[in-house]
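Data block below; observations after.
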Amino acid sequence: MHILLIAINAKYIHSNPAVFSLKSCTGTYESHVDILEFTINQQPSYILQEIYKRQPDVAAFSCYIWNRNILDAILPDLHKILPDTDLWAGGPEVSYNAEEIIERWQLRGVMTGPGEGSFAHLVSCYVNGNADSLPAILDGKNTNRLLLDEIPFWYAKQEEKNRIIYYESSRGCPFSCSYCLSSIEKTMDFRSVERVCRELSFFLDQKVPQVKFVDRTFNCKKDHALPILRHILKHDNGITNFHFEIAADLLDEDYFTVLKQMRPGAVQLEIGVQSTCRETIAAIDRQMDFAKVADVVRQISSWNNIHLHLDLIAGLPFEDLKTFRTSFNDVYALRPEQLQLGFLKVLKGSAMEQRARQYDLVSASLPPYEVLSTKWLSYKDICRLKQVEEVLEIYYNSGQFTHTLDFLCGYFDTPFSIYESLAG
């Protein structure tokens with residue numbers, strides 16, 4: 001029995017931890033499973049050829065908003081060239097509309113939710129000749145679920161040179177942001193601190209360039225996050241960088257004591273501000289004290305050792321062009337190393353999708369389902385903000401025009417006005 005796990009990544013430098021995690025949980029059946037990784041920049045014809053060469057009995061695809069379109073192109077033809085191969089899919093892009101996906105792609109089935117336990121069960125059934133007993137939808141939330149501490153550390157077997165290492169120390173999120181799929185999952189699961197520290201030591205010993213934690217809010221549980229940061233401080237190898245998404249207003253003096261001692265470049269923090277409009281924050285079910293966030297960012301910036309990445313989202317409810325300008329100026333005043341201006345994505349299964357009609361929210365039909373207009377922002381406004389995003393990347397986030405931008409500040413009323421003018 002030959003089973004293929006297939007990942008189609010956004011770039012070569014990215015890896016797909018999901019497929020490796022799934023394979024690692026198949027135990028004595030692991031020899032029946034192979035992994036193929038591609039990128040969205042490769043031609044569908046090439047991807048089809050490579051899958052065909054392997055002649056799998058089963059092909060399972062890891063599905064996300066960045067590879068959904070290419071899967072639409074590949075799967076109809078895959079049926080034609082491998083008519084006897086069972087096709088499965090899993091991942092966030094198919095977990096909330098599984099029946100529709102099964103019909104659209106003519107799949108044998110879909111794995112929804114956490115996939116490790118479901119995939120292990122699937123492989124067992126195929127190897128033992130019981131595949132007919134498998135339902136069309138394998139629900140990983142309620143059956144065959146594995147805890148994070150039950151999932152093997154597969155990186156020890158995997159060659160990942162010149163690629164970002166993605167690491168998961170927790171699943172789920174305590175917050176309920178309406179645009180995020182993590183808010184749907186009401187439980188959280190943490191890898192034990194002892195195990196996380198042991199596994200991070202492997203990366204430190206290997207001197208990997210970057211470990212990017214995929215935890216939605218790394219510091220949501222202090223007795224989990226703080227010992228991990230202390231371990232990184234104590235065992236710093238002078239090379240490896242660790243990236244965390246955090247809630248800045250949950251940081252306190254205990255965190256500051258550790259973070260201020262970090263080697264410059266050892267840690268970078270991503271903080272999702274999204275908006276500073278109180279009505280918007282309330283509408284998206286988000287909890288944030290921006291005054292405290294601003295104080296924390298200023299304090300961390302004063303140490304000159306931690307790269308800060310702050311995010312804004314355009315297209316959120318109750319935020320028009322005027323209030324978005326205010327949000328932009330509020331965050332810009334904190335002078336993070338990176339200021340990302342993103343656009344709302346109306347993800348399948350999210351609370352935002354359910355409220356779209358209430359907000360007159362119009363989004364693109366194709367992934368990544370980006371906002372086109374709302375009750376507060378016209379498509380013309382969105383286009384304008386897209387231009388601002390482009391020049392922000394060129395002039396601010398590139399870090400090449402620091403003195404020029406400081407000079408221009410004296411000639412414009414607000415930072416946003418600078419970029420609006422540069423956008424033409």
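Residue numbers start at 1 in each chain; chains themselves are named A, B, ... in the order of the structure tokens; ligands are numbered from 1 in the order shown.
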So which residues touch range 216-233 of chain A within 9 Å, counting only C-alpha atoms, skipping near sequence neighbours fewer than 6 positions away, as a PyMOL selection string? chain A and resi 169-175+182+190-194+196-197+200-201+204+242+244-248+250-251+254-255+258-259+261-263+266-267
Can you tell me, as a ChimeraX atom specification, what residues are no more than 12 Å from range 363-374 of chain A when counting only C-alpha atoms, ignoring any on the same chain fewer than 5 positions away? /A:63-72,93,179,313-321,342-348,350,352-353,355-358,379-386
The selected residues should be written to file as an mmCIF file, in the first residue's frame (atoms: C-alpha atoms).
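File again17.cif, as written:
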```
data_model
loop_
_atom_site.group_PDB
_atom_site.id
_atom_site.type_symbol
_atom_site.label_atom_id
_atom_site.label_comp_id
_atom_site.auth_asym_id
_atom_site.auth_seq_id
_atom_site.Cartn_x
_atom_site.Cartn_y
_atom_site.Cartn_z
ATOM 1 C CA CYS A 63 -5.198 22.455 1.695
ATOM 2 C CA TYR A 64 -4.848 26.167 2.505
ATOM 3 C CA ILE A 65 -5.947 29.459 0.979
ATOM 4 C CA TRP A 66 -2.614 29.848 -0.827
ATOM 5 C CA ASN A 67 -2.841 26.516 -2.699
ATOM 6 C CA ARG A 68 -6.609 26.155 -3.179
ATOM 7 C CA ASN A 69 -6.562 27.541 -6.731
ATOM 8 C CA ILE A 70 -3.820 25.206 -7.913
ATOM 9 C CA LEU A 71 -5.662 22.247 -6.377
ATOM 10 C CA ASP A 72 -8.727 23.265 -8.394
ATOM 11 C CA GLU A 93 -9.447 25.306 3.557
ATOM 12 C CA TYR A 179 -11.845 36.825 11.349
ATOM 13 C CA ILE A 313 -5.968 44.821 9.016
ATOM 14 C CA ALA A 314 -7.918 46.993 6.568
ATOM 15 C CA GLY A 315 -11.570 46.199 5.907
ATOM 16 C CA LEU A 316 -12.710 45.422 9.436
ATOM 17 C CA PRO A 317 -16.245 46.443 10.522
ATOM 18 C CA PHE A 318 -16.864 50.047 11.602
ATOM 19 C CA GLU A 319 -13.513 51.207 10.229
ATOM 20 C CA ASP A 320 -13.732 53.719 7.387
ATOM 21 C CA LEU A 321 -10.881 55.517 5.674
ATOM 22 C CA GLY A 342 -2.906 43.484 5.588
ATOM 23 C CA PHE A 343 -6.434 43.135 4.230
ATOM 24 C CA LEU A 344 -9.300 41.232 5.787
ATOM 25 C CA LYS A 345 -9.698 37.678 4.500
ATOM 26 C CA VAL A 346 -13.199 36.265 4.914
ATOM 27 C CA LEU A 347 -12.265 32.687 5.733
ATOM 28 C CA LYS A 348 -14.625 29.754 5.315
ATOM 29 C CA SER A 350 -15.216 32.088 10.422
ATOM 30 C CA MET A 352 -16.768 37.084 9.969
ATOM 31 C CA GLU A 353 -18.158 35.030 7.080
ATOM 32 C CA ARG A 355 -21.701 38.282 9.638
ATOM 33 C CA ALA A 356 -20.834 39.351 6.099
ATOM 34 C CA ARG A 357 -24.376 40.387 5.200
ATOM 35 C CA GLN A 358 -24.695 42.424 8.393
ATOM 36 C CA TYR A 379 -13.763 49.299 -3.428
ATOM 37 C CA LYS A 380 -12.152 52.602 -4.421
ATOM 38 C CA ASP A 381 -10.986 53.023 -0.821
ATOM 39 C CA ILE A 382 -9.598 49.481 -0.805
ATOM 40 C CA CYS A 383 -7.682 50.198 -4.010
ATOM 41 C CA ARG A 384 -6.262 53.326 -2.421
ATOM 42 C CA LEU A 385 -5.104 51.384 0.630
ATOM 43 C CA LYS A 386 -3.527 48.777 -1.643
#
```
Can you tell me which residues surround range 5-17 of chain A at a distance of at most 10 Å, considering only C-alpha atoms, apart from same-chain residues fewer than 2 positions away, and format the answer as a ChimeraX atom specification? /A:3,19-23,33-42,47,51,56,58-68,70-71,88-89,154-155,160-168,214
DSSP says alpha helix (DSSP H) for which residues of range 54-232 of chain A? Put them as a PyMOL selection string? chain A and resi 54+68-81+98-105+116-127+193-206+222-232
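For the set A:Ala283, A:Ala423, A:Val296, A:Leu269, the residue with the smallest atom-to-atom gap to Leu310 in chain A is A:Leu269, counting only C-alpha atoms.
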Non-local contacts of range 132-145 of chain A (10 Å; only C-alpha atoms; under 3 positions in same chain excluded) as a ChimeraX atom specification: /A:88-90,95,98-99,102,107-122,125-126,129,148,150,185
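Between Ser302 in chain A and the residues A:His243, A:Lys234, A:Lys260, A:His32, the shortest atom-to-atom distance, using only C-alpha atoms, involves A:Lys260.
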Tell me, which residues of range 178-289 of chain A carry DSSP strand (DSSP E), written as a list in words?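 Filtering range 178-289 of chain A down to strand (DSSP E) leaves Asp189, Phe190, Gln210, Val211, Lys212, Phe213, Asn241, Phe242, His243, Phe244, Glu245, Ile246, Val267, Gln268, Leu269, Glu270, Ile271, Gly272, Val273 and Gln274 of chain A.
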Would you mind listing what lies within 9 Å of Arg54 in chain A as a ChimeraX atom specification, with only C-alpha atoms counted and same-chain residues fewer than 3 positions away left out? /A:2,4,49-51
